[in-house]
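Novice: Here you go, run-v9.txt (compact mmCIF, C-alpha atoms):
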```txt
# COMPACT_ATOMS: atom_id res chain seq x y z
CA MET A 1 23.84 3.32 2.06
CA TYR A 2 23.94 1.65 -1.37
CA SER A 3 23.70 -2.12 -1.75
CA PHE A 4 25.92 -4.34 -3.85
CA ILE A 5 24.62 -7.43 -2.02
CA CYS A 6 22.55 -8.99 -4.81
CA ASP A 7 20.89 -8.47 -8.18
CA TYR A 8 17.30 -8.65 -6.95
CA SER A 9 17.23 -5.70 -4.56
CA GLU A 10 15.27 -3.56 -7.02
CA GLY A 11 11.67 -4.24 -8.01
CA ALA A 12 11.34 -4.85 -11.74
CA HIS A 13 12.09 -3.18 -15.04
CA PRO A 14 9.50 -0.47 -15.85
CA ASN A 15 8.39 -2.30 -19.00
CA ILE A 16 7.33 -5.23 -16.85
CA LEU A 17 5.55 -3.08 -14.29
CA LYS A 18 3.72 -1.23 -17.07
CA ALA A 19 2.65 -4.49 -18.70
CA LEU A 20 1.37 -5.81 -15.37
CA ALA A 21 -0.54 -2.58 -14.76
CA ASP A 22 -1.97 -2.53 -18.29
CA THR A 23 -3.30 -6.08 -17.90
CA CYS A 24 -4.49 -5.96 -14.30
CA TYR A 25 -8.18 -5.86 -15.34
CA GLU A 26 -7.86 -8.69 -17.83
CA GLN A 27 -9.56 -11.97 -17.09
CA ASN A 28 -7.08 -14.74 -17.77
CA GLU A 29 -7.32 -18.50 -17.53
CA GLY A 30 -5.40 -19.81 -14.53
CA TYR A 31 -2.43 -22.08 -13.97
CA ASN A 32 -0.30 -21.04 -16.97
CA TYR A 33 -2.97 -21.79 -19.57
CA ASP A 34 -3.38 -18.08 -20.34
CA GLN A 35 -2.38 -16.36 -23.55
CA HIS A 36 0.54 -14.52 -21.93
CA CYS A 37 2.23 -17.73 -20.85
CA LEU A 38 1.61 -19.24 -24.28
CA THR A 39 3.09 -16.19 -26.01
CA ALA A 40 6.09 -16.06 -23.68
CA ALA A 41 6.74 -19.78 -24.20
CA LYS A 42 6.58 -19.27 -27.97
CA ARG A 43 9.15 -16.45 -27.76
CA ILE A 44 11.48 -18.61 -25.68
CA LYS A 45 11.20 -21.46 -28.19
CA GLU A 46 12.05 -19.02 -30.95
CA GLU A 47 15.04 -17.74 -28.96
CA ILE A 48 16.48 -21.23 -28.41
CA LYS A 49 15.41 -22.35 -31.90
CA ARG A 50 13.55 -25.42 -30.66
CA ASP A 51 9.82 -26.01 -30.90
CA ASP A 52 9.87 -29.49 -29.36
CA VAL A 53 10.56 -28.40 -25.77
CA ASP A 54 8.13 -27.84 -22.90
CA VAL A 55 8.24 -24.46 -21.14
CA TYR A 56 6.86 -23.76 -17.66
CA PHE A 57 6.88 -20.55 -15.64
CA LEU A 58 7.70 -20.77 -11.94
CA PRO A 59 7.93 -18.15 -9.19
CA GLY A 60 11.50 -18.64 -7.95
CA GLY A 61 14.81 -20.44 -8.25
CA THR A 62 14.53 -22.77 -5.26
CA PRO A 63 11.14 -24.27 -6.22
CA THR A 64 12.38 -24.55 -9.81
CA ASN A 65 15.43 -26.52 -8.70
CA LEU A 66 13.45 -28.65 -6.27
CA ILE A 67 10.72 -29.52 -8.76
CA SER A 68 13.13 -30.17 -11.63
CA ILE A 69 15.40 -32.46 -9.67
CA THR A 70 12.73 -34.43 -7.83
CA ALA A 71 10.75 -34.94 -11.04
CA CYS A 72 13.79 -36.50 -12.68
CA LEU A 73 15.02 -38.74 -9.87
CA ARG A 74 13.71 -41.84 -8.16
CA SER A 75 13.98 -42.01 -4.39
CA TYR A 76 17.32 -43.86 -4.46
CA GLU A 77 18.96 -41.61 -7.04
CA ALA A 78 21.42 -38.82 -6.29
CA ILE A 79 22.70 -35.65 -7.91
CA ILE A 80 26.30 -34.59 -8.45
CA ALA A 81 26.97 -30.89 -7.85
CA PRO A 82 29.84 -28.52 -7.10
CA SER A 83 30.24 -27.84 -3.39
CA THR A 84 29.47 -24.18 -4.07
CA GLY A 85 26.26 -25.03 -5.96
CA HIS A 86 23.09 -23.25 -4.91
CA ILE A 87 21.28 -26.51 -4.10
CA GLU A 88 24.14 -27.50 -1.79
CA VAL A 89 24.66 -24.20 0.03
CA HIS A 90 21.65 -21.89 -0.15
CA GLU A 91 18.43 -23.88 -0.37
CA THR A 92 18.01 -25.10 3.21
CA GLY A 93 18.62 -28.72 2.28
CA ALA A 94 15.54 -28.74 0.03
CA ILE A 95 16.85 -31.54 -2.16
CA GLU A 96 17.84 -33.73 0.78
CA ALA A 97 14.56 -32.97 2.51
CA ALA A 98 12.84 -34.39 -0.58
CA GLY A 99 14.86 -37.59 -0.19
CA HIS A 100 17.70 -37.13 -2.66
CA LYS A 101 21.35 -37.12 -1.68
CA ILE A 102 23.63 -34.44 -3.12
CA LEU A 103 27.15 -35.64 -3.92
CA PRO A 104 29.23 -32.43 -3.66
CA ILE A 105 32.55 -31.88 -5.42
CA GLU A 106 35.17 -29.34 -4.33
CA THR A 107 36.29 -27.17 -7.24
CA PRO A 108 38.66 -24.19 -7.34
CA ASP A 109 36.34 -21.94 -9.36
CA GLY A 110 32.84 -23.38 -8.91
CA LYS A 111 32.98 -25.20 -12.26
CA LEU A 112 32.57 -28.94 -12.75
CA THR A 113 34.76 -30.88 -15.16
CA PRO A 114 34.42 -34.45 -16.50
CA SER A 115 37.35 -35.49 -14.29
CA HIS A 116 35.52 -34.19 -11.21
CA ILE A 117 32.43 -36.16 -12.17
CA GLN A 118 34.45 -39.26 -13.02
CA LYS A 119 35.89 -39.36 -9.49
CA ILE A 120 32.37 -39.73 -8.13
CA LEU A 121 31.49 -42.31 -10.77
CA ASN A 122 34.59 -44.35 -9.92
CA GLY A 123 33.17 -44.99 -6.46
CA PHE A 124 31.38 -48.21 -5.56
CA GLU A 125 27.74 -48.41 -6.64
CA ASP A 126 25.14 -51.09 -6.13
CA GLU A 127 21.84 -51.44 -4.28
CA HIS A 128 23.59 -50.51 -1.02
CA THR A 129 24.46 -47.04 -2.31
CA VAL A 130 22.63 -44.23 -4.05
CA ARG A 131 22.65 -44.25 -7.82
CA ARG A 132 24.29 -41.28 -9.55
CA LYS A 133 21.65 -40.06 -11.96
CA MET A 134 22.02 -36.30 -12.49
CA VAL A 135 24.70 -33.64 -12.81
CA PHE A 136 23.81 -30.14 -11.60
CA LEU A 137 25.67 -27.01 -12.59
CA THR A 138 25.03 -23.28 -12.64
CA ASN A 139 26.05 -20.96 -15.45
CA PRO A 140 27.41 -18.58 -14.41
CA THR A 141 28.62 -20.26 -11.25
CA GLU A 142 28.25 -18.86 -7.75
CA ASN A 143 31.87 -17.73 -8.20
CA GLY A 144 30.93 -15.64 -11.23
CA THR A 145 32.81 -17.91 -13.64
CA ILE A 146 31.30 -19.17 -16.90
CA TYR A 147 31.44 -22.40 -18.88
CA LYS A 148 32.76 -22.47 -22.43
CA LYS A 149 30.75 -24.46 -24.97
CA ALA A 150 33.40 -27.19 -25.22
CA GLU A 151 33.36 -27.62 -21.43
CA LEU A 152 29.59 -28.09 -21.39
CA GLN A 153 29.77 -30.50 -24.31
CA ALA A 154 32.36 -32.57 -22.45
CA ILE A 155 30.07 -32.76 -19.42
CA ARG A 156 27.19 -33.70 -21.74
CA LYS A 157 29.26 -36.60 -23.06
CA ILE A 158 30.09 -38.03 -19.63
CA CYS A 159 26.40 -37.77 -18.74
CA ASP A 160 25.46 -39.64 -21.92
CA ASP A 161 28.12 -42.29 -21.31
CA ASN A 162 26.78 -42.92 -17.80
CA ASP A 163 23.02 -42.54 -18.33
CA MET A 164 22.75 -39.32 -16.32
CA TYR A 165 20.65 -36.21 -16.77
CA LEU A 166 22.32 -32.81 -17.06
CA TYR A 167 20.48 -29.94 -15.37
CA ILE A 168 21.60 -26.31 -15.73
CA ASP A 169 20.53 -23.76 -13.13
CA GLY A 170 20.27 -20.52 -15.10
CA ALA A 171 19.39 -18.07 -12.34
CA ARG A 172 21.87 -15.62 -13.92
CA LEU A 173 21.93 -17.21 -17.36
CA GLY A 174 21.63 -13.85 -19.12
CA CYS A 175 24.88 -12.70 -17.51
CA ALA A 176 26.66 -15.83 -18.73
CA ILE A 177 25.37 -15.39 -22.27
CA MET A 178 26.36 -11.71 -22.36
CA ALA A 179 29.75 -12.13 -20.65
CA GLU A 180 32.90 -11.19 -22.53
CA GLY A 181 34.56 -14.34 -23.81
CA ASN A 182 31.39 -16.44 -23.73
CA ASP A 183 30.80 -18.70 -26.73
CA VAL A 184 27.61 -20.42 -25.56
CA LYS A 185 24.48 -19.33 -27.40
CA MET A 186 20.91 -19.75 -26.24
CA GLU A 187 20.26 -22.26 -29.01
CA ASP A 188 23.17 -24.39 -27.73
CA LEU A 189 21.44 -25.10 -24.41
CA PRO A 190 18.85 -27.63 -25.66
CA GLU A 191 21.68 -29.56 -27.32
CA ILE A 192 23.58 -29.71 -24.03
CA ALA A 193 21.05 -29.92 -21.18
CA ASP A 194 18.16 -32.27 -20.54
CA ILE A 195 16.48 -29.56 -18.53
CA PHE A 196 17.46 -25.97 -17.72
CA TYR A 197 15.94 -22.69 -16.67
CA ILE A 198 16.19 -19.09 -17.77
CA GLY A 199 16.33 -16.89 -14.69
CA GLY A 200 14.17 -13.78 -14.56
CA THR A 201 14.16 -12.86 -10.86
CA LYS A 202 17.84 -11.85 -10.98
CA ASN A 203 17.51 -10.10 -14.32
CA GLY A 204 14.74 -7.53 -14.17
CA ALA A 205 11.63 -9.56 -13.31
CA LEU A 206 9.63 -9.24 -10.11
CA MET A 207 9.72 -13.01 -9.65
CA ALA A 208 9.74 -15.43 -12.56
CA GLU A 209 11.81 -18.27 -13.95
CA ALA A 210 11.27 -20.06 -17.26
CA LEU A 211 11.92 -23.80 -17.06
CA VAL A 212 12.72 -25.58 -20.32
CA ILE A 213 12.40 -29.37 -20.57
CA VAL A 214 14.22 -30.92 -23.50
CA ASN A 215 14.39 -34.63 -22.68
CA ASP A 216 11.14 -36.42 -23.57
CA LYS A 217 11.54 -38.77 -20.60
CA ILE A 218 11.07 -35.87 -18.19
CA LYS A 219 8.04 -34.28 -19.87
CA PRO A 220 5.12 -36.61 -18.93
CA ASP A 221 2.95 -35.43 -16.03
CA PHE A 222 5.31 -32.56 -15.19
CA ARG A 223 2.43 -30.30 -14.22
CA PHE A 224 1.61 -32.79 -11.45
CA HIS A 225 5.08 -32.26 -10.00
CA ILE A 226 4.68 -28.48 -10.14
CA LYS A 227 1.30 -28.61 -8.44
CA GLN A 228 2.39 -31.05 -5.74
CA ARG A 229 5.31 -28.79 -4.82
CA GLY A 230 3.06 -25.74 -4.55
CA ALA A 231 4.37 -23.80 -7.55
CA LEU A 232 1.48 -24.08 -10.01
CA THR A 233 0.21 -20.56 -9.41
CA ALA A 234 -3.41 -19.69 -10.05
CA LYS A 235 -2.40 -16.32 -11.47
CA GLY A 236 0.17 -17.82 -13.80
CA SER A 237 -0.41 -14.99 -16.26
CA VAL A 238 1.60 -12.73 -13.93
CA LEU A 239 4.65 -14.91 -14.63
CA GLY A 240 3.95 -15.13 -18.35
CA ILE A 241 3.59 -11.36 -18.70
CA GLN A 242 7.03 -10.84 -17.18
CA PHE A 243 8.69 -13.16 -19.67
CA GLU A 244 6.66 -11.70 -22.53
CA GLU A 245 8.38 -8.40 -21.78
CA LEU A 246 11.81 -9.86 -21.07
CA MET A 247 11.78 -11.65 -24.43
CA ARG A 248 10.56 -8.57 -26.29
CA ASP A 249 13.19 -6.60 -28.25
CA ASN A 250 16.07 -8.45 -26.55
CA LEU A 251 15.31 -6.77 -23.20
CA TYR A 252 16.50 -9.83 -21.27
CA PHE A 253 19.94 -9.62 -22.84
CA LYS A 254 20.18 -5.83 -22.66
CA LEU A 255 19.57 -5.95 -18.91
CA ALA A 256 22.16 -8.69 -18.41
CA LYS A 257 24.69 -6.77 -20.50
CA HIS A 258 24.24 -3.71 -18.28
CA SER A 259 24.67 -5.83 -15.13
CA ASN A 260 27.94 -7.22 -16.45
CA GLU A 261 29.24 -3.86 -17.64
CA MET A 262 28.77 -2.24 -14.25
CA ALA A 263 30.60 -5.06 -12.43
CA GLN A 264 33.39 -5.17 -15.00
CA LYS A 265 33.90 -1.41 -14.76
CA MET A 266 34.46 -1.85 -11.02
CA ALA A 267 36.75 -4.82 -11.64
CA LYS A 268 38.90 -2.85 -14.08
CA GLU A 269 39.22 0.05 -11.65
CA LEU A 270 40.07 -2.26 -8.75
CA GLU A 271 42.66 -4.09 -10.82
CA GLY A 272 44.17 -0.77 -11.82
CA LEU A 273 44.54 0.07 -8.14
CA GLY A 274 46.54 -3.10 -7.62
CA PHE A 275 43.94 -5.33 -6.01
CA SER A 276 43.63 -9.02 -6.86
CA PHE A 277 40.53 -11.20 -7.04
CA LEU A 278 39.40 -14.48 -5.52
CA THR A 279 38.14 -15.63 -8.94
CA GLN A 280 38.30 -14.17 -12.42
CA SER A 281 34.66 -13.39 -13.14
CA PRO A 282 33.47 -11.82 -16.40
CA THR A 283 29.90 -11.52 -15.09
CA ASN A 284 28.01 -9.29 -12.67
CA GLN A 285 29.58 -10.82 -9.56
CA ILE A 286 33.16 -9.88 -8.67
CA PHE A 287 35.24 -10.90 -5.66
CA PRO A 288 38.04 -8.41 -4.95
CA ILE A 289 40.46 -9.07 -2.11
CA LEU A 290 40.80 -6.00 0.11
CA PRO A 291 42.48 -5.13 3.39
CA ASN A 292 40.08 -5.55 6.27
CA SER A 293 40.70 -1.96 7.30
CA ILE A 294 39.38 -0.72 3.94
CA ILE A 295 36.43 -3.10 4.09
CA SER A 296 35.45 -1.64 7.46
CA GLU A 297 35.44 1.86 6.00
CA LEU A 298 33.44 0.85 2.92
CA GLU A 299 30.82 -0.85 5.08
CA LYS A 300 29.86 2.57 6.45
CA SER A 301 28.40 3.54 3.05
CA TYR A 302 27.87 0.27 1.15
CA GLN A 303 26.33 -3.13 1.70
CA PHE A 304 28.08 -6.25 0.39
CA TYR A 305 29.01 -9.73 1.57
CA ILE A 306 32.36 -10.60 3.05
CA TRP A 307 32.74 -13.76 1.03
CA GLU A 308 35.91 -15.40 2.31
CA VAL A 309 38.69 -14.67 4.79
CA VAL A 310 41.97 -14.74 2.86
CA ASP A 311 44.41 -14.12 5.69
CA HIS A 312 44.62 -12.26 8.98
CA ASP A 313 44.53 -8.85 7.28
CA HIS A 314 42.60 -9.46 4.03
CA SER A 315 39.20 -10.74 2.94
CA ALA A 316 37.41 -11.25 -0.36
CA ILE A 317 34.14 -9.38 -0.69
CA ARG A 318 31.38 -10.04 -3.19
CA LEU A 319 30.11 -7.09 -5.19
CA VAL A 320 27.00 -7.73 -7.30
CA THR A 321 25.56 -5.31 -9.81
CA SER A 322 22.12 -5.51 -11.41
CA TRP A 323 20.10 -4.39 -14.42
CA ALA A 324 19.30 -1.23 -12.42
CA THR A 325 22.73 -0.31 -11.03
CA PRO A 326 23.44 3.34 -11.94
CA GLU A 327 26.92 3.97 -13.32
CA GLU A 328 27.31 6.90 -10.95
CA LYS A 329 27.04 4.51 -7.98
CA VAL A 330 29.90 2.48 -9.39
CA ASP A 331 31.94 5.65 -9.90
CA GLN A 332 31.17 6.80 -6.35
CA PHE A 333 32.22 3.43 -4.91
CA ILE A 334 35.60 3.66 -6.62
CA LYS A 335 36.01 7.29 -5.56
CA ASP A 336 35.27 6.40 -1.94
CA LEU A 337 37.59 3.40 -2.07
CA LYS A 338 40.48 5.55 -3.25
CA GLN A 339 40.19 7.69 -0.13
CA PHE A 340 41.21 4.73 2.04
CA ILE A 341 44.22 3.52 0.04
```
Would you mind writing the file's structure down as structure tokens?
Specialist:
Amino acid sequence: MYSFICDYSEGAHPNILKALADTCYEQNEGYNYDQHCLTAAKRIKEEIKRDDVDVYFLPGGTPTNLISITACLRSYEAIIAPSTGHIEVHETGAIEAAGHKILPIETPDGKLTPSHIQKILNGFEDEHTVRRKMVFLTNPTENGTIYKKAELQAIRKICDDNDMYLYIDGARLGCAIMAEGNDVKMEDLPEIADIFYIGGTKNGALMAEALVIVNDKIKPDFRFHIKQRGALTAKGSVLGIQFEELMRDNLYFKLAKHSNEMAQKMAKELEGLGFSFLTQSPTNQIFPILPNSIISELEKSYQFYIWEVVDHDHSAIRLVTSWATPEEKVDQFIKDLKQFI
């Protein structure tokens, strides 16, 4: 039974495990003040070509989203997000539990546009309603789609015109950057987002995300927010070490490139067999539409999510590849699929 359920099934890249083992007897200062966190932050600043940002290392995507959003918003302020957004669907109402309303927008491909945002802004707003203060998006989206640079710049403009923060959830950011057709560079992100994170957990780390704060208004006292939400880890060096390795010799981008290549090889084979897709994804998540009878057969040997019922006889499944997916597993999946056509 091989799993295509997610991109964090495996442990961590061997370089990271070796670095953790090599440093396990070191005595490091706690709470991200250690030399590993400082070095990793320096490498990230070099990668995005900005030295005036603050970088923090956090242990997972949900606390990163929760801390980032609640630190930016007052109690009466809300966040605009696609209805498929992680904070809306998969974080147990963490944002609402913290007292902030999410204003979801239905989109065909998981991507926000200025016109989507404008529809929310056109609604009535005064002291009887929540104030729209932040736009949340993921790149790539939960549908595997990516934003072009011009699309992000257009969203940046509507945020500027309406005094809103723009927050980018980068849980799979490496896969967006390395996707075919992408024109967004790492150094573009600080020009577009007020705050964003570089996801490590879904790209070869054990558990680590690197949060980058660009907007000076968000920076003061941010460590207080991290501590209050329980994410200021005593052994912060463990997080820093992981990003030290990910940012060494372009490992982060090499791993993301492999993830994408394995998914796109499957996509090309599936397309060649005549199957269509729920969305056109250039990243490591693909959503082929298959007959339910074939899905039932594949489930005997593979794990994956049935993502959406298309009609009585067909469903879209989600196949996710990772930095560690062997090409032979992709080849075997296609070989097995062909038996049921």
Novice: I'd like the interatomic distance between CA of Lys101 (chain A) and CA of Ile79 (chain A), to a tenth of an Å.
Specialist: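 Between CA of Lys101 (chain A) and CA of Ile79 (chain A) the gap is 6.5 Å.
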Novice: CA of Arg156 (chain A) to CA of Arg229 (chain A): how many Å, to one decimal?
Specialist: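 Between these atoms lies a distance of 28.1 Å.
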Novice: Compare A:Ala179, A:Ala41, A:Leu173, A:Ile48 by their minimum atom-to-atom distance to Lys257 (chain A), counting all atoms listed in the file, and give me the closest one.
Specialist: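 Comparing A:Ala179, A:Ala41, A:Leu173, A:Ile48 against Lys257 (chain A), the winner is A:Ala179.
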Novice: Nearest residue to Ile146 (chain A) out of A:Ala208, A:Asn284, A:Ile120, A:Tyr76, using all atoms listed in the file?
Specialist: A:Asn284
Novice: List as a PyMOL selection string the protein and nucleic acid residues near region 293-298 of chain A, meaning an atom at most 8 Å away when only C-alpha atoms are counted, but skip any in the same chain fewer than 2 places from it.
Specialist: chain A and resi 290-291+300-302+313+336-337+340-341
Novice: Listed atoms of region 208-221 of chain A, axis-aligned box, 3 Å per side: centre and edge lengths to one decimal in Å, as AutoDock Vina command-line options?
Specialist:
```
--center_x 8.7 --center_y -27.1 --center_z -18.1 --size_x 17.4 --size_y 29.3 --size_z 17.0
```
Novice: Which distance in Å separates CA of Asn260 (chain A) and CA of Thr107 (chain A), to one decimal?
Specialist: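 Taking CA of Asn260 (chain A) as the start and CA of Thr107 (chain A) as the end point, the length is 23.5 Å.
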Novice: Between A:Glu26, A:Glu209, A:Glu191, A:Asp163, which one has atoms that come closest to Pro59 (chain A), using all atoms listed in the file?
Specialist: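 When distances to Pro59 (chain A) are compared using all atoms listed in the file, the smallest one comes from A:Glu209.
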Novice: Just want the 7 Å neighbourhood of Ser75 (chain A), counted on all atoms listed in the file, with same-chain residues fewer than 2 positions away dropped. Output as a PDB file with C-alpha atoms, in the coordinates of the input.
Specialist:
```pdb
ATOM      1  CA  LEU A  73      15.020 -38.740  -9.870  1.00  0.00           C
ATOM      2  CA  GLU A  77      18.960 -41.610  -7.040  1.00  0.00           C
ATOM      3  CA  GLY A  99      14.860 -37.590  -0.190  1.00  0.00           C
ATOM      4  CA  HIS A 100      17.700 -37.130  -2.660  1.00  0.00           C
TER       5      HIS A 100
END
```
Novice: Which is closer to Ser237 (chain A) than all the others in A:Gln27, A:Ser3, A:Gln280, A:Gln303, using only C-alpha atoms?
Specialist: A:Gln27
Novice: Using all atoms listed in the file, which of A:Arg172, A:Arg74, A:Lys149, A:His36 sits nearest His86 (chain A)?
Specialist: A:Arg172
Novice: Find the residues with any atom within 9 Å of (10.6, -26.4, -26.6); use all atoms listed in the file and the coordinates as given in the file, and write the answer as an mmCIF file with C-alpha atoms, in the frame of the given file.
Specialist:
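The result, stored in part_25.cif:
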```cif
data_model
loop_
_atom_site.group_PDB
_atom_site.id
_atom_site.type_symbol
_atom_site.label_atom_id
_atom_site.label_comp_id
_atom_site.auth_asym_id
_atom_site.auth_seq_id
_atom_site.Cartn_x
_atom_site.Cartn_y
_atom_site.Cartn_z
ATOM 1 C CA ALA A 41 6.740 -19.780 -24.200
ATOM 2 C CA LYS A 42 6.580 -19.270 -27.970
ATOM 3 C CA ILE A 44 11.480 -18.610 -25.680
ATOM 4 C CA LYS A 45 11.200 -21.460 -28.190
ATOM 5 C CA GLU A 46 12.050 -19.020 -30.950
ATOM 6 C CA ILE A 48 16.480 -21.230 -28.410
ATOM 7 C CA LYS A 49 15.410 -22.350 -31.900
ATOM 8 C CA ARG A 50 13.550 -25.420 -30.660
ATOM 9 C CA ASP A 51 9.820 -26.010 -30.900
ATOM 10 C CA ASP A 52 9.870 -29.490 -29.360
ATOM 11 C CA VAL A 53 10.560 -28.400 -25.770
ATOM 12 C CA ASP A 54 8.130 -27.840 -22.900
ATOM 13 C CA VAL A 55 8.240 -24.460 -21.140
ATOM 14 C CA PRO A 190 18.850 -27.630 -25.660
ATOM 15 C CA VAL A 212 12.720 -25.580 -20.320
ATOM 16 C CA ILE A 213 12.400 -29.370 -20.570
ATOM 17 C CA VAL A 214 14.220 -30.920 -23.500
#
```
Novice: For each of A:Lys202, A:Lys235, A:Lys335, A:His225, take the minimum atom-to-atom distance to Asn28 (chain A), counting all atoms listed in the file, then give the residue where this is smallest.
Specialist: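 Ranked by minimum distance to Asn28 (chain A), first place goes to A:Lys235.
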Novice: Which polymer residues have any atom within 9 Å of an atom of region 217-223 of chain A, counting all atoms listed in the file, with same-chain residues fewer than 3 positions away left out, as a count of residues only?
Specialist: 15
Novice: As a CSV table (one decimal) with C-alpha atoms, in the coordinates of the input, please: the residues near Pro104 (chain A) (cut-off 12 Å, all atoms listed in the file, same-chain neighbours under 3 positions excluded).
Specialist:
```
chain,number,residue,atom,x,y,z
A,78,ALA,CA,21.4,-38.8,-6.3
A,79,ILE,CA,22.7,-35.6,-7.9
A,80,ILE,CA,26.3,-34.6,-8.4
A,81,ALA,CA,27.0,-30.9,-7.8
A,82,PRO,CA,29.8,-28.5,-7.1
A,83,SER,CA,30.2,-27.8,-3.4
A,84,THR,CA,29.5,-24.2,-4.1
A,85,GLY,CA,26.3,-25.0,-6.0
A,86,HIS,CA,23.1,-23.2,-4.9
A,87,ILE,CA,21.3,-26.5,-4.1
A,88,GLU,CA,24.1,-27.5,-1.8
A,89,VAL,CA,24.7,-24.2,0.0
A,101,LYS,CA,21.4,-37.1,-1.7
A,107,THR,CA,36.3,-27.2,-7.2
A,110,GLY,CA,32.8,-23.4,-8.9
A,111,LYS,CA,33.0,-25.2,-12.3
A,112,LEU,CA,32.6,-28.9,-12.8
A,116,HIS,CA,35.5,-34.2,-11.2
A,117,ILE,CA,32.4,-36.2,-12.2
A,119,LYS,CA,35.9,-39.4,-9.5
A,120,ILE,CA,32.4,-39.7,-8.1
A,132,ARG,CA,24.3,-41.3,-9.6
A,135,VAL,CA,24.7,-33.6,-12.8
A,136,PHE,CA,23.8,-30.1,-11.6
A,137,LEU,CA,25.7,-27.0,-12.6
```
Novice: Could you pull the residues within 7 Å of Ala256 (chain A), counting all atoms listed in the file, minus those fewer than 3 positions along the same chain, as a list in words?
Specialist: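 Using all atoms listed in the file, the neighbours found are Gly174, Cys175, Met178, Asn203, Tyr252, Phe253, Ser259, Asn260 and Trp323 of chain A.
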Novice: Store the residues of this selection in a file with C-alpha atoms, as a short mmCIF file (atom, residue, chain, number, x, y, z; two decimals), in the coordinates of the input.
Specialist:
```cif
data_model
loop_
_atom_site.label_atom_id
_atom_site.label_comp_id
_atom_site.auth_asym_id
_atom_site.auth_seq_id
_atom_site.Cartn_x
_atom_site.Cartn_y
_atom_site.Cartn_z
CA GLY A 174 21.63 -13.85 -19.12
CA CYS A 175 24.88 -12.70 -17.51
CA MET A 178 26.36 -11.71 -22.36
CA ASN A 203 17.51 -10.10 -14.32
CA TYR A 252 16.50 -9.83 -21.27
CA PHE A 253 19.94 -9.62 -22.84
CA SER A 259 24.67 -5.83 -15.13
CA ASN A 260 27.94 -7.22 -16.45
CA TRP A 323 20.10 -4.39 -14.42
#
```
